[in-house]
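K.L.:
Here you go, input_30.cif (mmCIF, C-alpha atoms):
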data_entry
loop_
_atom_site.group_PDB
_atom_site.id
_atom_site.type_symbol
_atom_site.label_atom_id
_atom_site.label_comp_id
_atom_site.auth_asym_id
_atom_site.auth_seq_id
_atom_site.Cartn_x
_atom_site.Cartn_y
_atom_site.Cartn_z
ATOM 1 C CA LEU Z 6 -30.538 -22.493 33.383
ATOM 2 C CA GLU Z 7 -27.261 -21.801 35.045
ATOM 3 C CA PRO Z 8 -26.167 -24.395 37.664
ATOM 4 C CA ASN Z 9 -27.248 -22.237 40.663
ATOM 5 C CA GLU Z 10 -30.199 -20.515 38.965
ATOM 6 C CA VAL Z 11 -33.680 -21.189 40.338
ATOM 7 C CA ARG Z 12 -36.440 -21.618 37.797
ATOM 8 C CA ASP Z 13 -39.562 -19.470 38.148
ATOM 9 C CA VAL Z 14 -42.310 -22.101 37.825
ATOM 10 C CA GLN Z 15 -45.009 -19.398 37.909
ATOM 11 C CA ASN Z 16 -43.888 -18.229 34.448
ATOM 12 C CA CYS Z 17 -44.510 -21.717 33.103
ATOM 13 C CA THR Z 18 -48.101 -21.944 34.299
ATOM 14 C CA PHE Z 19 -50.692 -20.677 31.823
ATOM 15 C CA ASP Z 20 -53.992 -19.525 33.321
ATOM 16 C CA THR Z 21 -56.592 -21.257 31.134
ATOM 17 C CA SER Z 22 -59.401 -19.148 32.637
ATOM 18 C CA VAL Z 23 -58.385 -16.325 30.250
ATOM 19 C CA LEU Z 24 -59.772 -18.460 27.398
ATOM 20 C CA GLU Z 25 -63.270 -17.938 28.897
ATOM 21 C CA LYS Z 26 -65.981 -19.571 26.738
ATOM 22 C CA CYS Z 27 -63.349 -20.883 24.314
ATOM 23 C CA GLY Z 28 -61.634 -22.806 27.098
ATOM 24 C CA GLU Z 29 -64.605 -25.045 27.827
ATOM 25 C CA TYR Z 30 -66.369 -27.810 25.957
ATOM 26 C CA PRO Z 31 -67.910 -27.571 23.273
ATOM 27 C CA TYR Z 32 -65.547 -24.721 22.243
ATOM 28 C CA GLY Z 33 -68.132 -22.852 20.189
ATOM 29 C CA TYR Z 34 -69.313 -25.883 18.244
ATOM 30 C CA THR Z 35 -72.954 -25.692 19.244
ATOM 31 C CA ILE Z 36 -76.007 -24.401 17.467
ATOM 32 C CA ASP Z 37 -77.917 -21.741 19.375
ATOM 33 C CA LEU Z 38 -81.364 -21.870 17.757
ATOM 34 C CA ASN Z 39 -82.577 -18.894 19.788
ATOM 35 C CA TYR Z 40 -79.804 -16.634 18.606
ATOM 36 C CA TYR Z 41 -78.132 -17.415 15.275
ATOM 37 C CA ASN Z 42 -78.713 -21.047 14.303
ATOM 38 C CA VAL Z 43 -75.023 -21.264 13.392
ATOM 39 C CA ILE Z 44 -71.887 -22.470 15.076
ATOM 40 C CA GLN Z 45 -69.293 -19.961 16.197
ATOM 41 C CA PRO Z 46 -66.151 -22.058 16.529
ATOM 42 C CA CYS Z 47 -63.126 -21.264 18.637
ATOM 43 C CA PHE Z 48 -59.637 -21.926 17.327
ATOM 44 C CA LEU Z 49 -56.706 -22.259 19.701
ATOM 45 C CA PHE Z 50 -53.330 -20.863 18.679
ATOM 46 C CA LYS Z 51 -50.085 -21.761 20.366
ATOM 47 C CA VAL Z 52 -46.394 -21.266 19.749
ATOM 48 C CA ASN Z 53 -44.427 -24.494 19.499
ATOM 49 C CA LYS Z 54 -41.915 -25.262 22.230
ATOM 50 C CA ILE Z 55 -38.593 -23.958 20.935
ATOM 51 C CA LEU Z 56 -35.711 -24.225 23.385
ATOM 52 C CA ASP Z 57 -33.983 -20.913 24.094
ATOM 53 C CA TRP Z 58 -36.301 -18.865 21.809
ATOM 54 C CA LYS Z 59 -37.054 -15.517 23.415
ATOM 55 C CA PRO Z 60 -39.477 -13.340 21.430
ATOM 56 C CA VAL Z 61 -38.700 -9.644 21.137
ATOM 57 C CA PRO Z 62 -41.695 -7.429 22.020
ATOM 58 C CA VAL Z 63 -42.970 -4.880 19.515
ATOM 59 C CA ASN Z 64 -41.423 -1.448 19.996
ATOM 60 C CA LYS Z 65 -44.341 1.037 19.996
ATOM 61 C CA SER Z 66 -42.143 3.751 18.487
ATOM 62 C CA GLU Z 67 -41.597 1.542 15.397
ATOM 63 C CA ILE Z 68 -45.226 0.440 14.932
ATOM 64 C CA ASP Z 69 -45.772 2.732 11.905
ATOM 65 C CA THR Z 70 -42.563 1.774 10.095
ATOM 66 C CA ASP Z 71 -42.167 -0.627 7.172
ATOM 67 C CA LYS Z 72 -41.031 -3.281 9.643
ATOM 68 C CA TYR Z 73 -44.673 -3.737 10.705
ATOM 69 C CA SER Z 74 -46.403 -2.879 7.417
ATOM 70 C CA ALA Z 75 -48.013 -6.339 7.171
ATOM 71 C CA MET Z 76 -49.664 -5.904 10.586
ATOM 72 C CA SER Z 77 -53.382 -5.083 10.562
ATOM 73 C CA GLU Z 78 -54.455 -1.598 11.595
ATOM 74 C CA ASN Z 79 -56.639 -3.126 14.333
ATOM 75 C CA LEU Z 80 -53.642 -4.828 15.938
ATOM 76 C CA ARG Z 81 -51.466 -1.723 15.583
ATOM 77 C CA THR Z 82 -54.142 0.284 17.386
ATOM 78 C CA ARG Z 83 -54.378 -2.343 20.145
ATOM 79 C CA ILE Z 84 -50.591 -2.272 20.629
ATOM 80 C CA ARG Z 85 -50.478 1.552 20.630
ATOM 81 C CA LYS Z 86 -53.113 1.628 23.404
ATOM 82 C CA SER Z 87 -51.550 -1.246 25.369
ATOM 83 C CA VAL Z 88 -49.764 -0.438 28.609
ATOM 84 C CA ASP Z 89 -47.749 -3.671 28.369
ATOM 85 C CA THR Z 90 -46.431 -4.754 24.949
ATOM 86 C CA ASN Z 91 -44.579 -7.825 26.231
ATOM 87 C CA TYR Z 92 -46.679 -10.260 24.199
ATOM 88 C CA VAL Z 93 -46.559 -12.537 21.200
ATOM 89 C CA TRP Z 94 -49.576 -11.114 19.349
ATOM 90 C CA ILE Z 95 -52.095 -13.148 17.322
ATOM 91 C CA ASP Z 96 -54.170 -11.395 14.662
ATOM 92 C CA CYS Z 97 -56.764 -12.905 12.318
ATOM 93 C CA GLN Z 98 -58.599 -11.517 9.338
ATOM 94 C CA GLY Z 99 -60.393 -12.616 6.229
ATOM 95 C CA ARG Z 100 -57.988 -13.307 3.398
ATOM 96 C CA TYR Z 101 -60.001 -11.591 0.670
ATOM 97 C CA PRO Z 102 -62.238 -8.472 0.821
ATOM 98 C CA ALA Z 103 -65.448 -10.578 0.761
ATOM 99 C CA ASP Z 104 -64.094 -12.644 3.666
ATOM 100 C CA ARG Z 105 -63.209 -9.522 5.664
ATOM 101 C CA GLU Z 106 -66.757 -8.199 5.177
ATOM 102 C CA SER Z 107 -68.272 -11.468 6.439
ATOM 103 C CA LEU Z 108 -66.189 -12.189 9.549
ATOM 104 C CA ARG Z 109 -65.669 -10.809 13.024
ATOM 105 C CA PHE Z 110 -63.135 -12.218 15.475
ATOM 106 C CA GLU Z 111 -63.326 -12.305 19.252
ATOM 107 C CA TYR Z 112 -60.062 -12.970 21.103
ATOM 108 C CA PHE Z 113 -59.424 -14.703 24.427
ATOM 109 C CA PRO Z 114 -57.614 -13.232 26.225
ATOM 110 C CA THR Z 115 -59.017 -9.979 24.854
ATOM 111 C CA ASN Z 116 -55.559 -8.437 24.403
ATOM 112 C CA GLN Z 117 -54.810 -11.004 21.623
ATOM 113 C CA GLY Z 118 -51.488 -11.999 23.113
ATOM 114 C CA ILE Z 119 -49.399 -14.631 24.843
ATOM 115 C CA PRO Z 120 -47.168 -13.058 27.519
ATOM 116 C CA VAL Z 121 -43.469 -13.315 26.662
ATOM 117 C CA LYS Z 122 -42.869 -14.509 30.250
ATOM 118 C CA HIS Z 123 -43.764 -18.001 28.944
ATOM 119 C CA PHE Z 124 -40.632 -17.963 26.776
ATOM 120 C CA PRO Z 125 -38.068 -19.351 26.357
ATOM 121 C CA PHE Z 126 -39.305 -22.880 26.923
ATOM 122 C CA GLN Z 127 -37.032 -24.398 29.567
ATOM 123 C CA GLY Z 128 -38.481 -27.839 30.094
ATOM 124 C CA GLU Z 129 -41.153 -29.219 32.379
ATOM 125 C CA PRO Z 130 -43.280 -28.345 34.308
ATOM 126 C CA TYR Z 131 -44.861 -26.293 31.528
ATOM 127 C CA HIS Z 132 -48.409 -25.606 30.381
ATOM 128 C CA GLN Z 133 -48.648 -24.523 26.752
ATOM 129 C CA PRO Z 134 -50.000 -20.937 26.496
ATOM 130 C CA PHE Z 135 -52.774 -20.190 23.973
ATOM 131 C CA VAL Z 136 -54.773 -17.448 22.353
ATOM 132 C CA ALA Z 137 -58.297 -18.501 21.426
ATOM 133 C CA VAL Z 138 -60.140 -16.907 18.531
ATOM 134 C CA LYS Z 139 -63.916 -17.193 18.262
ATOM 135 C CA VAL Z 140 -65.144 -16.724 14.693
ATOM 136 C CA HIS Z 141 -68.429 -14.922 14.068
ATOM 137 C CA GLN Z 142 -69.972 -14.822 10.613
ATOM 138 C CA ILE Z 143 -71.703 -11.487 10.114
ATOM 139 C CA GLN Z 144 -73.927 -9.855 7.563
ATOM 140 C CA GLY Z 145 -71.713 -8.646 4.750
ATOM 141 C CA GLY Z 146 -71.967 -6.432 1.722
ATOM 142 C CA GLN Z 147 -75.352 -5.294 0.400
ATOM 143 C CA SER Z 148 -77.349 -8.241 1.765
ATOM 144 C CA ASP Z 149 -79.522 -8.213 4.881
ATOM 145 C CA GLN Z 150 -78.773 -11.911 5.436
ATOM 146 C CA VAL Z 151 -75.757 -13.875 6.586
ATOM 147 C CA SER Z 152 -74.629 -16.179 3.771
ATOM 148 C CA TYR Z 153 -74.603 -19.718 5.157
ATOM 149 C CA GLY Z 154 -72.626 -22.387 3.372
ATOM 150 C CA GLN Z 155 -70.196 -19.791 2.018
ATOM 151 C CA LEU Z 156 -66.510 -20.706 1.888
ATOM 152 C CA LEU Z 157 -64.562 -18.241 4.011
ATOM 153 C CA HIS Z 158 -60.790 -17.853 4.027
ATOM 154 C CA ILE Z 159 -59.150 -16.918 7.327
ATOM 155 C CA GLU Z 160 -55.527 -15.949 7.935
ATOM 156 C CA CYS Z 161 -53.956 -15.667 11.353
ATOM 157 C CA LYS Z 162 -50.475 -14.377 12.029
#
For the structure just supplied, provide its representation as C-alpha cells.
P.N.:
Amino acid sequence: LEPNEVRDVQNCTFDTSVLEKCGEYPYGYTIDLNYYNVIQPCFLFKVNKILDWKPVPVNKSEIDTDKYSAMSENLRTRIRKSVDTNYVWIDCQGRYPADRESLRFEYFPTNQGIPVKHFPFQGEPYHQPFVAVKVHQIQGGQSDQVSYGQLLHIECK
C-alpha cells in the first residue's frame, strides 16, 4: 500500500457460507446408508499467500486459442457463460478415461472460482479464500454398479 492509501478490508474477508455443505463438519466424510453407503469427500483448494501477486482473469475472446488448450471443455463453457470472469478458476477431472467415467465433481461456490478481489495478499486481516470440491463416485462404463475399492486418480488445476 502507498503511505496514504486505505486498505479495503472487505476484499480480504472470504464468505465461508459459499462452501455450503463442504464448509461444515464432517466435510463429506460420512456414510449415508439410506442413499449410497459411500463417503463423498470434500477437498478444499486455496492459493498460497504470495505478496504482490495479482492474477490476470481469463479473456473470453481467447478461450478457444492454444493458450487455454489444456483447460477442460466444461470449464471453458462455464467461463463463456459467466457474466464475471474475474476469478481464479479451479477445475478437476479424472486423470485417465476410466477415472473420468467414474467421477463427478460438485463445486462450492458453484462457479468454481476464487474472486480476484482477494489478491494480491497485502497482510492481515485476511481470511484465506477457498474452492471446495465434493467428489461423487458414479456408475461408469458398461456396469450397472459403482465399483467400490477402486483406485481413482484425480487432477485439479
K.L.:
Taking the file as shown, what set of residues would the PyMOL selection byres ((chain Z and resi 54-68) around 8) give back, as a short mmCIF file (atom, residue, chain, number, x, y, z; two decimals) with C-alpha atoms, in the frame of the given file?
P.N.:
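Generated output (out.cif):
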data_model
loop_
_atom_site.label_atom_id
_atom_site.label_comp_id
_atom_site.auth_asym_id
_atom_site.auth_seq_id
_atom_site.Cartn_x
_atom_site.Cartn_y
_atom_site.Cartn_z
CA VAL Z 52 -46.39 -21.27 19.75
CA ASN Z 53 -44.43 -24.49 19.50
CA ASP Z 69 -45.77 2.73 11.90
CA THR Z 70 -42.56 1.77 10.10
CA LYS Z 72 -41.03 -3.28 9.64
CA TYR Z 73 -44.67 -3.74 10.70
CA ARG Z 81 -51.47 -1.72 15.58
CA ILE Z 84 -50.59 -2.27 20.63
CA ARG Z 85 -50.48 1.55 20.63
CA THR Z 90 -46.43 -4.75 24.95
CA ASN Z 91 -44.58 -7.82 26.23
CA TYR Z 92 -46.68 -10.26 24.20
CA VAL Z 93 -46.56 -12.54 21.20
CA VAL Z 121 -43.47 -13.32 26.66
CA PHE Z 124 -40.63 -17.96 26.78
CA PRO Z 125 -38.07 -19.35 26.36
CA PHE Z 126 -39.30 -22.88 26.92
CA GLN Z 127 -37.03 -24.40 29.57
#
K.L.:
Apply the PyMOL selection byres ((chain Z and resi 159) around 8) to the file shown and report the selected residues as a PyMOL selection string.
P.N.:
chain Z and resi 97-100+104+157-158+160-161
K.L.:
Once you add 3 Å to each side, what are the centre and edge lengths of the axis-aligned box holding all listed atoms of range 64-79 of chain Z? One decimal in Å, as AutoDock Vina command-line options, if you can.
P.N.:
--center_x -48.8 --center_y -1.3 --center_z 13.6 --size_x 21.6 --size_y 16.1 --size_z 18.8
K.L.:
Would you mind telling me which residue in Z:Phe135, Z:Gln155, Z:Gly33, Z:Ile119 lies nearest to Asp89 in chain Z when using all atoms listed in the file?
P.N.:
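With all atoms listed in the file as the atom set, the closest residue is Z:Ile119.
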K.L.:
To one decimal in Å, tell me the separation between CA of Tyr101 in chain Z and CA of Gly118 in chain Z.
P.N.:
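That distance, rounded to one decimal, is 24.0 Å.
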K.L.:
What is the CA of Trp94 in chain Z-CA of Val138 in chain Z distance in Å, reported with one decimal?
P.N.:
12.1 Å
K.L.:
Could you check which of Z:His123, Z:Ala75, Z:Ile44, Z:Phe110 is closest to Thr18 in chain Z, using all atoms listed in the file?
P.N.:
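Of all the options, Z:His123 lies closest to Thr18 in chain Z.
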K.L.:
Could you please determine the separation between CA of Leu156 in chain Z and CA of Pro114 in chain Z in Å, to one decimal place?
P.N.:
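Going from CA of Leu156 in chain Z over to CA of Pro114 in chain Z, I get 27.0 Å.
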K.L.:
Once the PyMOL selection byres ((chain Z and resi 22-27) around 6) is applied to the coordinates I shared, what remains selected? I want it as a list in words.
P.N.:
Asp20, Thr21, Gly28, Glu29, Tyr32, Cys47, Phe113 and Pro114 of chain Z
K.L.:
Which is closer to Gln133 in chain Z than all the others in Z:Ser87, Z:Glu111, Z:Phe50, Z:Pro31, using only C-alpha atoms?
P.N.:
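Looking only at the distances to Gln133 in chain Z, the closest residue turns out to be Z:Phe50.
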